[in-house]
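Engineer: Dropping in query17.cif, which is mmCIF, N, CA and C atoms:
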```
data_input
#
loop_
_atom_site.label_atom_id
_atom_site.label_comp_id
_atom_site.auth_asym_id
_atom_site.auth_seq_id
_atom_site.Cartn_x
_atom_site.Cartn_y
_atom_site.Cartn_z
N MET A 1 -12.28 -7.95 8.39
CA MET A 1 -11.21 -7.61 7.49
C MET A 1 -11.51 -6.25 6.86
N ALA A 2 -10.66 -5.29 7.09
CA ALA A 2 -10.83 -3.96 6.52
C ALA A 2 -10.34 -3.97 5.09
N ARG A 3 -11.14 -3.38 4.22
CA ARG A 3 -10.80 -3.34 2.80
C ARG A 3 -10.37 -1.94 2.43
N GLU A 4 -9.33 -1.85 1.64
CA GLU A 4 -8.78 -0.57 1.23
C GLU A 4 -9.44 -0.12 -0.07
N ILE A 5 -10.08 1.06 -0.03
CA ILE A 5 -10.70 1.62 -1.23
C ILE A 5 -10.19 3.05 -1.37
N ASP A 6 -9.50 3.32 -2.48
CA ASP A 6 -9.02 4.67 -2.70
C ASP A 6 -10.07 5.46 -3.50
N MET A 7 -9.82 6.73 -3.70
CA MET A 7 -10.81 7.59 -4.35
C MET A 7 -11.09 7.19 -5.79
N GLN A 8 -10.07 6.73 -6.50
CA GLN A 8 -10.29 6.34 -7.90
C GLN A 8 -11.21 5.14 -7.98
N VAL A 9 -11.00 4.15 -7.12
CA VAL A 9 -11.86 2.97 -7.10
C VAL A 9 -13.28 3.37 -6.71
N MET A 10 -13.43 4.30 -5.78
CA MET A 10 -14.75 4.77 -5.38
C MET A 10 -15.47 5.42 -6.56
N ARG A 11 -14.74 6.17 -7.37
CA ARG A 11 -15.34 6.78 -8.57
C ARG A 11 -15.79 5.70 -9.55
N TYR A 12 -14.96 4.68 -9.75
CA TYR A 12 -15.34 3.58 -10.64
C TYR A 12 -16.60 2.88 -10.13
N LEU A 13 -16.67 2.64 -8.83
CA LEU A 13 -17.84 1.96 -8.25
C LEU A 13 -19.10 2.79 -8.41
N ASN A 14 -19.02 4.09 -8.18
CA ASN A 14 -20.18 4.96 -8.34
C ASN A 14 -20.65 5.01 -9.78
N LEU A 15 -19.72 5.13 -10.71
CA LEU A 15 -20.08 5.16 -12.13
C LEU A 15 -20.71 3.83 -12.55
N PHE A 16 -20.13 2.72 -12.11
CA PHE A 16 -20.67 1.39 -12.43
C PHE A 16 -22.10 1.26 -11.91
N SER A 17 -22.33 1.73 -10.69
CA SER A 17 -23.66 1.65 -10.10
C SER A 17 -24.67 2.50 -10.86
N LYS A 18 -24.26 3.68 -11.29
CA LYS A 18 -25.17 4.56 -12.04
C LYS A 18 -25.52 3.98 -13.41
N VAL A 19 -24.52 3.45 -14.10
CA VAL A 19 -24.74 2.96 -15.46
C VAL A 19 -25.51 1.64 -15.46
N THR A 20 -25.13 0.71 -14.59
CA THR A 20 -25.71 -0.64 -14.64
C THR A 20 -26.86 -0.85 -13.67
N ARG A 21 -27.00 0.02 -12.67
CA ARG A 21 -27.98 -0.13 -11.60
C ARG A 21 -27.76 -1.42 -10.80
N VAL A 22 -26.49 -1.84 -10.74
CA VAL A 22 -26.08 -2.99 -9.92
C VAL A 22 -25.06 -2.47 -8.91
N SER A 23 -25.32 -2.71 -7.64
CA SER A 23 -24.44 -2.24 -6.60
C SER A 23 -23.38 -3.29 -6.27
N THR A 24 -22.13 -2.87 -6.20
CA THR A 24 -21.04 -3.76 -5.82
C THR A 24 -19.98 -2.96 -5.08
N MET A 25 -19.21 -3.63 -4.26
CA MET A 25 -18.10 -3.00 -3.56
C MET A 25 -16.78 -3.62 -3.99
N ASN A 26 -16.80 -4.40 -5.06
CA ASN A 26 -15.61 -5.12 -5.50
C ASN A 26 -15.19 -4.64 -6.88
N CYS A 27 -14.17 -3.82 -6.89
CA CYS A 27 -13.62 -3.28 -8.13
C CYS A 27 -12.10 -3.30 -7.99
N PHE A 28 -11.42 -3.69 -9.04
CA PHE A 28 -9.96 -3.71 -9.01
C PHE A 28 -9.42 -3.62 -10.42
N VAL A 29 -8.14 -3.30 -10.51
CA VAL A 29 -7.48 -3.18 -11.80
C VAL A 29 -6.55 -4.37 -11.94
N TYR A 30 -6.65 -5.07 -13.08
CA TYR A 30 -5.77 -6.19 -13.38
C TYR A 30 -5.45 -6.14 -14.86
N ASN A 31 -4.19 -6.19 -15.20
CA ASN A 31 -3.72 -6.21 -16.58
C ASN A 31 -4.27 -5.04 -17.39
N ASN A 32 -4.26 -3.87 -16.78
CA ASN A 32 -4.73 -2.64 -17.41
C ASN A 32 -6.21 -2.70 -17.78
N GLN A 33 -6.98 -3.52 -17.08
CA GLN A 33 -8.43 -3.60 -17.24
C GLN A 33 -9.07 -3.26 -15.90
N ILE A 34 -10.27 -2.72 -15.94
CA ILE A 34 -11.02 -2.50 -14.71
C ILE A 34 -12.01 -3.65 -14.60
N LEU A 35 -11.91 -4.39 -13.50
CA LEU A 35 -12.79 -5.53 -13.28
C LEU A 35 -13.75 -5.22 -12.15
N PHE A 36 -15.01 -5.58 -12.36
CA PHE A 36 -16.04 -5.44 -11.34
C PHE A 36 -16.53 -6.83 -11.00
N ALA A 37 -16.50 -7.17 -9.72
CA ALA A 37 -16.98 -8.47 -9.26
C ALA A 37 -18.37 -8.28 -8.66
N VAL A 38 -19.36 -8.92 -9.26
CA VAL A 38 -20.74 -8.80 -8.82
C VAL A 38 -21.28 -10.19 -8.47
N PRO A 39 -22.39 -10.26 -7.74
CA PRO A 39 -22.99 -11.57 -7.47
C PRO A 39 -23.36 -12.28 -8.77
N LYS A 40 -23.27 -13.59 -8.76
CA LYS A 40 -23.48 -14.38 -9.97
C LYS A 40 -24.84 -14.12 -10.61
N SER A 41 -25.86 -13.89 -9.80
CA SER A 41 -27.21 -13.66 -10.33
C SER A 41 -27.34 -12.31 -11.03
N LYS A 42 -26.41 -11.39 -10.80
CA LYS A 42 -26.51 -10.04 -11.37
C LYS A 42 -25.55 -9.79 -12.53
N VAL A 43 -24.76 -10.79 -12.93
CA VAL A 43 -23.75 -10.59 -13.97
C VAL A 43 -24.40 -10.18 -15.29
N SER A 44 -25.40 -10.90 -15.75
CA SER A 44 -26.01 -10.58 -17.03
C SER A 44 -26.73 -9.23 -16.99
N PHE A 45 -27.31 -8.89 -15.85
CA PHE A 45 -27.96 -7.59 -15.69
C PHE A 45 -26.93 -6.47 -15.75
N ALA A 46 -25.76 -6.70 -15.14
CA ALA A 46 -24.70 -5.69 -15.13
C ALA A 46 -24.11 -5.48 -16.53
N ILE A 47 -23.99 -6.55 -17.29
CA ILE A 47 -23.45 -6.44 -18.65
C ILE A 47 -24.44 -5.73 -19.55
N GLY A 48 -25.71 -6.04 -19.41
CA GLY A 48 -26.75 -5.40 -20.20
C GLY A 48 -26.99 -6.12 -21.51
N LYS A 49 -28.12 -5.81 -22.13
CA LYS A 49 -28.46 -6.43 -23.40
C LYS A 49 -27.48 -5.98 -24.47
N ASP A 50 -26.91 -6.94 -25.17
CA ASP A 50 -25.89 -6.69 -26.20
C ASP A 50 -24.69 -5.92 -25.64
N ALA A 51 -24.39 -6.11 -24.36
CA ALA A 51 -23.25 -5.50 -23.67
C ALA A 51 -23.27 -3.98 -23.73
N VAL A 52 -24.45 -3.41 -23.71
CA VAL A 52 -24.58 -1.95 -23.81
C VAL A 52 -23.97 -1.25 -22.61
N ASN A 53 -24.10 -1.81 -21.41
CA ASN A 53 -23.53 -1.17 -20.23
C ASN A 53 -22.01 -1.19 -20.25
N ILE A 54 -21.45 -2.30 -20.71
CA ILE A 54 -19.99 -2.41 -20.78
C ILE A 54 -19.44 -1.42 -21.81
N ARG A 55 -20.11 -1.30 -22.95
CA ARG A 55 -19.66 -0.35 -23.97
C ARG A 55 -19.73 1.09 -23.45
N LYS A 56 -20.80 1.40 -22.72
CA LYS A 56 -20.96 2.75 -22.19
C LYS A 56 -19.84 3.07 -21.18
N LEU A 57 -19.55 2.12 -20.30
CA LEU A 57 -18.46 2.30 -19.34
C LEU A 57 -17.11 2.42 -20.03
N ARG A 58 -16.90 1.58 -21.05
CA ARG A 58 -15.64 1.61 -21.79
C ARG A 58 -15.45 2.96 -22.49
N ASP A 59 -16.53 3.51 -23.03
CA ASP A 59 -16.43 4.81 -23.70
C ASP A 59 -16.16 5.94 -22.72
N ILE A 60 -16.77 5.87 -21.55
CA ILE A 60 -16.58 6.91 -20.54
C ILE A 60 -15.18 6.85 -19.95
N LEU A 61 -14.74 5.65 -19.55
CA LEU A 61 -13.46 5.49 -18.86
C LEU A 61 -12.27 5.32 -19.80
N ARG A 62 -12.54 4.97 -21.05
CA ARG A 62 -11.49 4.73 -22.04
C ARG A 62 -10.52 3.64 -21.60
N ARG A 63 -11.07 2.60 -20.97
CA ARG A 63 -10.28 1.44 -20.55
C ARG A 63 -11.13 0.21 -20.77
N LYS A 64 -10.48 -0.94 -20.85
CA LYS A 64 -11.22 -2.19 -20.98
C LYS A 64 -11.96 -2.47 -19.68
N ILE A 65 -13.17 -2.97 -19.80
CA ILE A 65 -14.02 -3.27 -18.65
C ILE A 65 -14.38 -4.74 -18.70
N LYS A 66 -14.37 -5.38 -17.53
CA LYS A 66 -14.72 -6.79 -17.44
C LYS A 66 -15.58 -6.99 -16.19
N VAL A 67 -16.63 -7.78 -16.31
CA VAL A 67 -17.49 -8.11 -15.17
C VAL A 67 -17.33 -9.59 -14.90
N VAL A 68 -16.99 -9.93 -13.65
CA VAL A 68 -16.83 -11.33 -13.25
C VAL A 68 -17.75 -11.62 -12.08
N ALA A 69 -18.07 -12.89 -11.93
CA ALA A 69 -18.96 -13.32 -10.85
C ALA A 69 -18.17 -13.60 -9.58
N MET A 70 -18.68 -13.12 -8.47
CA MET A 70 -18.08 -13.44 -7.16
C MET A 70 -18.43 -14.88 -6.82
N PRO A 71 -17.50 -15.62 -6.24
CA PRO A 71 -17.82 -16.99 -5.86
C PRO A 71 -18.84 -17.01 -4.71
N GLU A 72 -19.74 -17.98 -4.78
CA GLU A 72 -20.75 -18.10 -3.74
C GLU A 72 -20.16 -18.61 -2.44
N GLN A 73 -19.15 -19.49 -2.56
CA GLN A 73 -18.48 -20.03 -1.38
C GLN A 73 -16.98 -19.78 -1.51
N GLU A 74 -16.36 -19.49 -0.40
CA GLU A 74 -14.91 -19.25 -0.41
C GLU A 74 -14.16 -20.55 -0.18
N ASP A 75 -14.36 -21.50 -1.09
CA ASP A 75 -13.63 -22.76 -1.02
C ASP A 75 -12.72 -22.85 -2.24
N ARG A 76 -12.08 -23.98 -2.40
CA ARG A 76 -11.11 -24.16 -3.48
C ARG A 76 -11.74 -23.96 -4.85
N SER A 77 -12.90 -24.56 -5.08
CA SER A 77 -13.53 -24.47 -6.40
C SER A 77 -14.01 -23.05 -6.70
N GLY A 78 -14.55 -22.35 -5.71
CA GLY A 78 -15.01 -20.99 -5.92
C GLY A 78 -13.88 -20.04 -6.23
N ILE A 79 -12.80 -20.13 -5.46
CA ILE A 79 -11.65 -19.26 -5.69
C ILE A 79 -10.97 -19.61 -7.01
N SER A 80 -10.91 -20.90 -7.34
CA SER A 80 -10.32 -21.33 -8.60
C SER A 80 -11.09 -20.75 -9.79
N LYS A 81 -12.41 -20.81 -9.75
CA LYS A 81 -13.24 -20.28 -10.83
C LYS A 81 -13.08 -18.76 -10.92
N PHE A 82 -12.99 -18.09 -9.76
CA PHE A 82 -12.82 -16.64 -9.76
C PHE A 82 -11.49 -16.25 -10.40
N VAL A 83 -10.41 -16.91 -9.99
CA VAL A 83 -9.08 -16.60 -10.55
C VAL A 83 -9.07 -16.92 -12.04
N GLU A 84 -9.70 -18.00 -12.44
CA GLU A 84 -9.79 -18.37 -13.86
C GLU A 84 -10.50 -17.28 -14.66
N ASP A 85 -11.60 -16.73 -14.12
CA ASP A 85 -12.33 -15.66 -14.80
C ASP A 85 -11.50 -14.38 -14.89
N VAL A 86 -10.76 -14.08 -13.85
CA VAL A 86 -9.97 -12.85 -13.82
C VAL A 86 -8.83 -12.90 -14.83
N VAL A 87 -8.11 -14.01 -14.91
CA VAL A 87 -6.93 -14.09 -15.77
C VAL A 87 -7.25 -14.57 -17.19
N LYS A 88 -8.50 -14.85 -17.48
CA LYS A 88 -8.89 -15.30 -18.81
C LYS A 88 -8.39 -14.33 -19.85
N PRO A 89 -7.81 -14.71 -20.92
CA PRO A 89 -7.75 -15.99 -21.63
C PRO A 89 -6.55 -16.87 -21.25
N ILE A 90 -5.75 -16.44 -20.28
CA ILE A 90 -4.62 -17.25 -19.83
C ILE A 90 -5.16 -18.44 -19.05
N GLU A 91 -4.64 -19.61 -19.32
CA GLU A 91 -5.10 -20.82 -18.64
C GLU A 91 -4.00 -21.35 -17.73
N PHE A 92 -4.42 -21.92 -16.61
CA PHE A 92 -3.47 -22.55 -15.70
C PHE A 92 -3.89 -23.99 -15.46
N THR A 93 -2.93 -24.81 -15.02
CA THR A 93 -3.16 -26.24 -14.85
C THR A 93 -4.01 -26.53 -13.62
N LYS A 94 -3.58 -26.02 -12.46
CA LYS A 94 -4.36 -26.25 -11.25
C LYS A 94 -4.12 -25.16 -10.24
N LEU A 95 -5.02 -25.10 -9.26
CA LEU A 95 -4.92 -24.12 -8.19
C LEU A 95 -5.07 -24.86 -6.87
N ASP A 96 -4.10 -24.69 -5.97
CA ASP A 96 -4.15 -25.31 -4.64
C ASP A 96 -4.44 -24.22 -3.63
N TYR A 97 -5.48 -24.44 -2.82
CA TYR A 97 -5.86 -23.48 -1.79
C TYR A 97 -5.94 -24.20 -0.45
N ARG A 98 -5.06 -23.79 0.46
CA ARG A 98 -5.12 -24.35 1.81
C ARG A 98 -4.42 -23.42 2.79
N ASP A 99 -4.99 -23.33 3.97
CA ASP A 99 -4.42 -22.56 5.07
C ASP A 99 -4.10 -21.11 4.70
N GLY A 100 -5.00 -20.46 3.97
CA GLY A 100 -4.81 -19.06 3.64
C GLY A 100 -3.76 -18.76 2.60
N SER A 101 -3.38 -19.75 1.80
CA SER A 101 -2.42 -19.50 0.73
C SER A 101 -2.90 -20.17 -0.56
N VAL A 102 -2.55 -19.57 -1.67
CA VAL A 102 -2.94 -20.08 -2.99
C VAL A 102 -1.68 -20.29 -3.81
N VAL A 103 -1.59 -21.47 -4.44
CA VAL A 103 -0.50 -21.79 -5.34
C VAL A 103 -1.11 -22.16 -6.69
N VAL A 104 -0.73 -21.43 -7.73
CA VAL A 104 -1.22 -21.69 -9.08
C VAL A 104 -0.11 -22.36 -9.86
N THR A 105 -0.44 -23.48 -10.50
CA THR A 105 0.52 -24.20 -11.34
C THR A 105 0.11 -24.00 -12.79
N ALA A 106 1.09 -23.63 -13.62
CA ALA A 106 0.81 -23.37 -15.03
C ALA A 106 1.99 -23.82 -15.88
N GLY A 107 1.74 -23.93 -17.18
CA GLY A 107 2.80 -24.25 -18.12
C GLY A 107 3.75 -23.07 -18.28
N ARG A 108 4.77 -23.27 -19.09
CA ARG A 108 5.82 -22.26 -19.21
C ARG A 108 5.30 -20.94 -19.76
N GLN A 109 4.58 -20.97 -20.89
CA GLN A 109 4.06 -19.74 -21.49
C GLN A 109 3.01 -19.09 -20.60
N SER A 110 2.12 -19.89 -20.06
CA SER A 110 1.07 -19.37 -19.19
C SER A 110 1.66 -18.77 -17.93
N LYS A 111 2.70 -19.41 -17.41
CA LYS A 111 3.35 -18.91 -16.20
C LYS A 111 3.94 -17.53 -16.46
N ALA A 112 4.60 -17.36 -17.59
CA ALA A 112 5.18 -16.06 -17.94
C ALA A 112 4.09 -15.00 -18.08
N ALA A 113 2.97 -15.36 -18.68
CA ALA A 113 1.87 -14.41 -18.85
C ALA A 113 1.21 -14.08 -17.51
N LEU A 114 1.11 -15.06 -16.62
CA LEU A 114 0.52 -14.81 -15.31
C LEU A 114 1.41 -13.92 -14.44
N ILE A 115 2.72 -14.09 -14.55
CA ILE A 115 3.64 -13.29 -13.73
C ILE A 115 3.75 -11.87 -14.27
N GLY A 116 3.91 -11.73 -15.59
CA GLY A 116 4.02 -10.40 -16.18
C GLY A 116 5.40 -9.80 -16.01
N ARG A 117 5.62 -8.71 -16.72
CA ARG A 117 6.90 -8.02 -16.63
C ARG A 117 7.05 -7.39 -15.25
N ASN A 118 8.20 -7.58 -14.65
CA ASN A 118 8.50 -7.10 -13.30
C ASN A 118 7.51 -7.61 -12.26
N ARG A 119 6.93 -8.79 -12.52
CA ARG A 119 5.99 -9.45 -11.61
C ARG A 119 4.75 -8.62 -11.31
N ILE A 120 4.38 -7.72 -12.21
CA ILE A 120 3.27 -6.81 -11.94
C ILE A 120 1.93 -7.54 -11.88
N ARG A 121 1.68 -8.47 -12.79
CA ARG A 121 0.40 -9.19 -12.76
C ARG A 121 0.30 -10.10 -11.55
N GLU A 122 1.41 -10.69 -11.15
CA GLU A 122 1.40 -11.54 -9.95
C GLU A 122 1.06 -10.69 -8.72
N LYS A 123 1.61 -9.51 -8.64
CA LYS A 123 1.32 -8.62 -7.52
C LYS A 123 -0.13 -8.16 -7.54
N GLU A 124 -0.66 -7.87 -8.75
CA GLU A 124 -2.05 -7.43 -8.85
C GLU A 124 -3.02 -8.51 -8.40
N ILE A 125 -2.83 -9.74 -8.86
CA ILE A 125 -3.76 -10.81 -8.47
C ILE A 125 -3.59 -11.15 -6.99
N GLY A 126 -2.37 -11.05 -6.47
CA GLY A 126 -2.16 -11.25 -5.03
C GLY A 126 -2.90 -10.21 -4.21
N TYR A 127 -2.87 -8.96 -4.67
CA TYR A 127 -3.58 -7.86 -4.00
C TYR A 127 -5.09 -8.10 -4.02
N VAL A 128 -5.59 -8.56 -5.15
CA VAL A 128 -7.03 -8.84 -5.29
C VAL A 128 -7.45 -9.94 -4.33
N LEU A 129 -6.69 -11.04 -4.30
CA LEU A 129 -7.03 -12.16 -3.42
C LEU A 129 -6.94 -11.76 -1.95
N LYS A 130 -5.99 -10.89 -1.63
CA LYS A 130 -5.86 -10.44 -0.24
C LYS A 130 -7.06 -9.59 0.16
N ASN A 131 -7.48 -8.67 -0.71
CA ASN A 131 -8.59 -7.79 -0.38
C ASN A 131 -9.94 -8.49 -0.37
N LEU A 132 -10.17 -9.40 -1.30
CA LEU A 132 -11.48 -10.04 -1.40
C LEU A 132 -11.64 -11.24 -0.48
N PHE A 133 -10.58 -12.03 -0.32
CA PHE A 133 -10.71 -13.29 0.42
C PHE A 133 -9.80 -13.39 1.64
N GLY A 134 -8.94 -12.42 1.86
CA GLY A 134 -8.03 -12.46 3.00
C GLY A 134 -6.89 -13.45 2.84
N ILE A 135 -6.54 -13.77 1.61
CA ILE A 135 -5.46 -14.71 1.33
C ILE A 135 -4.14 -13.94 1.34
N GLU A 136 -3.26 -14.33 2.24
CA GLU A 136 -2.01 -13.60 2.41
C GLU A 136 -0.92 -14.03 1.44
N LYS A 137 -0.86 -15.32 1.09
CA LYS A 137 0.23 -15.82 0.24
C LYS A 137 -0.33 -16.25 -1.11
N PHE A 138 0.31 -15.77 -2.16
CA PHE A 138 -0.05 -16.15 -3.53
C PHE A 138 1.23 -16.44 -4.28
N LYS A 139 1.29 -17.58 -4.93
CA LYS A 139 2.52 -18.00 -5.62
C LYS A 139 2.15 -18.66 -6.95
N ILE A 140 2.97 -18.43 -7.94
CA ILE A 140 2.79 -19.06 -9.26
C ILE A 140 3.96 -19.99 -9.49
N MET A 141 3.65 -21.24 -9.80
CA MET A 141 4.69 -22.24 -10.05
C MET A 141 4.53 -22.81 -11.44
#
```
Since I need it in another form, could you write the structure as structure tokens?
Structural biologist:
Amino acid sequence: MAREIDMQVMRYLNLFSKVTRVSTMNCFVYNNQILFAVPKSKVSFAIGKDAVNIRKLRDILRRKIKVVAMPEQEDRSGISKFVEDVVKPIEFTKLDYRDGSVVVTAGRQSKAALIGRNRIREKEIGYVLKNLFGIEKFKIM
């Protein structure tokens, strides 16, 4: 699966690597935040003591920064935990993953927050799932 990385994402990845000394190839923008997905064992190292690395990145980039753990296995529970971490603090009821498609079920308010104005957040999370896990269909119900 070929992954699309543009120049801006490459700059974010290089800066993240220099500041945190943690190498990752998973960076994306969601809800006007820059998210970096790192292996679970490196999350605390990437954040740094008292979140010093996150503060440094936030000051340099002038955007919110979030570090999430990559799932160890690409199964329902791993993808569910990953999506939950990405959309936090928004909560959803359940996530169904089968045959290369993901369906998220949420309450009325959560559904509106997950979809976003002009479906922008739904498109962003769909793009993330497609690039990281090869999931072609993403739907919010």
Engineer: Taking the file as shown, find all residues satisfying the PyMOL selection byres (((chain A and resi 23 and name CA) around 12) and name CA) and write them as a PDB file with N, CA and C atoms, keeping the file's coordinate frame.
Structural biologist:
```pdb
ATOM      1  N   TYR A  12     -14.960   4.680  -9.750  1.00  0.00           N
ATOM      2  CA  TYR A  12     -15.340   3.580 -10.640  1.00  0.00           C
ATOM      3  C   TYR A  12     -16.600   2.880 -10.130  1.00  0.00           C
ATOM      4  N   LEU A  13     -16.670   2.640  -8.830  1.00  0.00           N
ATOM      5  CA  LEU A  13     -17.840   1.960  -8.250  1.00  0.00           C
ATOM      6  C   LEU A  13     -19.100   2.790  -8.410  1.00  0.00           C
ATOM      7  N   ASN A  14     -19.020   4.090  -8.180  1.00  0.00           N
ATOM      8  CA  ASN A  14     -20.180   4.960  -8.340  1.00  0.00           C
ATOM      9  C   ASN A  14     -20.650   5.010  -9.780  1.00  0.00           C
ATOM     10  N   LEU A  15     -19.720   5.130 -10.710  1.00  0.00           N
ATOM     11  CA  LEU A  15     -20.080   5.160 -12.130  1.00  0.00           C
ATOM     12  C   LEU A  15     -20.710   3.830 -12.550  1.00  0.00           C
ATOM     13  N   PHE A  16     -20.130   2.720 -12.110  1.00  0.00           N
ATOM     14  CA  PHE A  16     -20.670   1.390 -12.430  1.00  0.00           C
ATOM     15  C   PHE A  16     -22.100   1.260 -11.910  1.00  0.00           C
ATOM     16  N   SER A  17     -22.330   1.730 -10.690  1.00  0.00           N
ATOM     17  CA  SER A  17     -23.660   1.650 -10.100  1.00  0.00           C
ATOM     18  C   SER A  17     -24.670   2.500 -10.860  1.00  0.00           C
ATOM     19  N   LYS A  18     -24.260   3.680 -11.290  1.00  0.00           N
ATOM     20  CA  LYS A  18     -25.170   4.560 -12.040  1.00  0.00           C
ATOM     21  C   LYS A  18     -25.520   3.980 -13.410  1.00  0.00           C
ATOM     22  N   VAL A  19     -24.520   3.450 -14.100  1.00  0.00           N
ATOM     23  CA  VAL A  19     -24.740   2.960 -15.460  1.00  0.00           C
ATOM     24  C   VAL A  19     -25.510   1.640 -15.460  1.00  0.00           C
ATOM     25  N   THR A  20     -25.130   0.710 -14.590  1.00  0.00           N
ATOM     26  CA  THR A  20     -25.710  -0.640 -14.640  1.00  0.00           C
ATOM     27  C   THR A  20     -26.860  -0.850 -13.670  1.00  0.00           C
ATOM     28  N   ARG A  21     -27.000   0.020 -12.670  1.00  0.00           N
ATOM     29  CA  ARG A  21     -27.980  -0.130 -11.600  1.00  0.00           C
ATOM     30  C   ARG A  21     -27.760  -1.420 -10.800  1.00  0.00           C
ATOM     31  N   VAL A  22     -26.490  -1.840 -10.740  1.00  0.00           N
ATOM     32  CA  VAL A  22     -26.080  -2.990  -9.920  1.00  0.00           C
ATOM     33  C   VAL A  22     -25.060  -2.470  -8.910  1.00  0.00           C
ATOM     34  N   THR A  24     -22.130  -2.870  -6.200  1.00  0.00           N
ATOM     35  CA  THR A  24     -21.040  -3.760  -5.820  1.00  0.00           C
ATOM     36  C   THR A  24     -19.980  -2.960  -5.080  1.00  0.00           C
ATOM     37  N   MET A  25     -19.210  -3.630  -4.260  1.00  0.00           N
ATOM     38  CA  MET A  25     -18.100  -3.000  -3.560  1.00  0.00           C
ATOM     39  C   MET A  25     -16.780  -3.620  -3.990  1.00  0.00           C
ATOM     40  N   ASN A  26     -16.800  -4.400  -5.060  1.00  0.00           N
ATOM     41  CA  ASN A  26     -15.610  -5.120  -5.500  1.00  0.00           C
ATOM     42  C   ASN A  26     -15.190  -4.640  -6.880  1.00  0.00           C
ATOM     43  N   CYS A  27     -14.170  -3.820  -6.890  1.00  0.00           N
ATOM     44  CA  CYS A  27     -13.620  -3.280  -8.130  1.00  0.00           C
ATOM     45  C   CYS A  27     -12.100  -3.300  -7.990  1.00  0.00           C
ATOM     46  N   PHE A  36     -15.010  -5.580 -12.360  1.00  0.00           N
ATOM     47  CA  PHE A  36     -16.040  -5.440 -11.340  1.00  0.00           C
ATOM     48  C   PHE A  36     -16.530  -6.830 -11.000  1.00  0.00           C
ATOM     49  N   ALA A  37     -16.500  -7.170  -9.720  1.00  0.00           N
ATOM     50  CA  ALA A  37     -16.980  -8.470  -9.260  1.00  0.00           C
ATOM     51  C   ALA A  37     -18.370  -8.280  -8.660  1.00  0.00           C
ATOM     52  N   VAL A  38     -19.360  -8.920  -9.260  1.00  0.00           N
ATOM     53  CA  VAL A  38     -20.740  -8.800  -8.820  1.00  0.00           C
ATOM     54  C   VAL A  38     -21.280 -10.190  -8.470  1.00  0.00           C
ATOM     55  N   PRO A  39     -22.390 -10.260  -7.740  1.00  0.00           N
ATOM     56  CA  PRO A  39     -22.990 -11.570  -7.470  1.00  0.00           C
ATOM     57  C   PRO A  39     -23.360 -12.280  -8.770  1.00  0.00           C
ATOM     58  N   LYS A  42     -26.410 -11.390 -10.800  1.00  0.00           N
ATOM     59  CA  LYS A  42     -26.510 -10.040 -11.370  1.00  0.00           C
ATOM     60  C   LYS A  42     -25.550  -9.790 -12.530  1.00  0.00           C
ATOM     61  N   VAL A  43     -24.760 -10.790 -12.930  1.00  0.00           N
ATOM     62  CA  VAL A  43     -23.750 -10.590 -13.970  1.00  0.00           C
ATOM     63  C   VAL A  43     -24.400 -10.180 -15.290  1.00  0.00           C
ATOM     64  N   PHE A  45     -27.310  -8.890 -15.850  1.00  0.00           N
ATOM     65  CA  PHE A  45     -27.960  -7.590 -15.690  1.00  0.00           C
ATOM     66  C   PHE A  45     -26.930  -6.470 -15.750  1.00  0.00           C
ATOM     67  N   ALA A  46     -25.760  -6.700 -15.140  1.00  0.00           N
ATOM     68  CA  ALA A  46     -24.700  -5.690 -15.130  1.00  0.00           C
ATOM     69  C   ALA A  46     -24.110  -5.480 -16.530  1.00  0.00           C
TER      70      ALA A  46
END
```
Engineer: Exactly which residues make up the result of the PyMOL selection byres ((chain A and resi 67-75) around 8) on this file, given as a list in words?
Structural biologist: Ile34, Leu35, Phe36, Ala37, Val38, Pro39, Lys40, Ser41, Lys42, Val43, Ala46, Ile47, Ile54, Lys64, Ile65, Lys66, Arg76, Ser77, Gly78, Ile79, Ser80, Lys81, Phe82, Asp85, Val86, Tyr97 and Phe133 of chain A
Engineer: Just the residues within 6.5 Å of range 109-126 of chain A, please, counting only N, CA and C atoms, with nothing from its chain fewer than 5 positions along; format it as a list in words.
Structural biologist: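 Within the cut-off, the hits are Val29, Tyr30, Asn31, Ile90, Glu91, Asn131, Phe138 and Met141 of chain A.
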Engineer: Run the PyMOL selection byres ((chain A and resi 94) around 6.5) on the file and write out the hits as a PyMOL selection string.
Structural biologist: chain A and resi 92-93+95-96+103-106
Engineer: DSSP on the backbone: what in chain A comes out strand (DSSP E), as a VMD selection string?
Structural biologist: chain A and resid 27 to 30 33 to 38 64 to 69 94 to 98 101 to 105 137 to 140
Engineer: Using backbone DSSP assignments, extract all helix (DSSP H, G or I) residues from range 51-105 of chain A; output them as a ChimeraX atom specification.
Structural biologist: /A:51-61,76-87
Engineer: What box, with edges along x, y and z, holds each listed atom of range 36-42 of chain A when 5 Å is added on every side, and can you state its centre and edge lengths in Å to one decimal, as lines of an AutoDock Vina configuration file?
Structural biologist:
```
center_x = -21.2
center_y = -9.9
center_z = -10.0
size_x = 22.3
size_y = 18.9
size_z = 15.1
```
Engineer: May I ask for the distance between CA of Arg63 in chain A and CA of Lys137 in chain A, given in Å to one decimal place?
Structural biologist: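 Between these atoms lies a distance of 29.0 Å.
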Engineer: Just how far from atom N of Lys88 in chain A is atom N of Asp50 in chain A, in Å to one decimal?
Structural biologist: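 A separation of 21.5 Å between them.
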Engineer: Report, in Å to a single decimal, how far apart CA of Gly107 in chain A and CA of Glu84 in chain A are.
Structural biologist: 14.5 Å
Engineer: What would the file be for range 12-23 of chain A if you keep C-alpha atoms and write it as a PDB file, in the first residue's frame?
Structural biologist:
```pdb
ATOM      1  CA  TYR A  12       6.273  17.947  10.459  1.00  0.00           C
ATOM      2  CA  LEU A  13       7.821  14.466  10.621  1.00  0.00           C
ATOM      3  CA  ASN A  14      11.379  15.817  10.464  1.00  0.00           C
ATOM      4  CA  LEU A  15      10.712  18.407  13.158  1.00  0.00           C
ATOM      5  CA  PHE A  16       9.021  15.791  15.382  1.00  0.00           C
ATOM      6  CA  SER A  17      12.008  13.481  14.971  1.00  0.00           C
ATOM      7  CA  LYS A  18      14.501  16.231  15.833  1.00  0.00           C
ATOM      8  CA  VAL A  19      12.628  17.453  18.913  1.00  0.00           C
ATOM      9  CA  THR A  20      11.548  14.112  20.400  1.00  0.00           C
ATOM     10  CA  ARG A  21      14.227  11.760  19.000  1.00  0.00           C
ATOM     11  CA  VAL A  22      11.400   9.348  18.122  1.00  0.00           C
ATOM     12  CA  SER A  23      11.102   8.294  14.500  1.00  0.00           C
TER      13      SER A  23
END
```
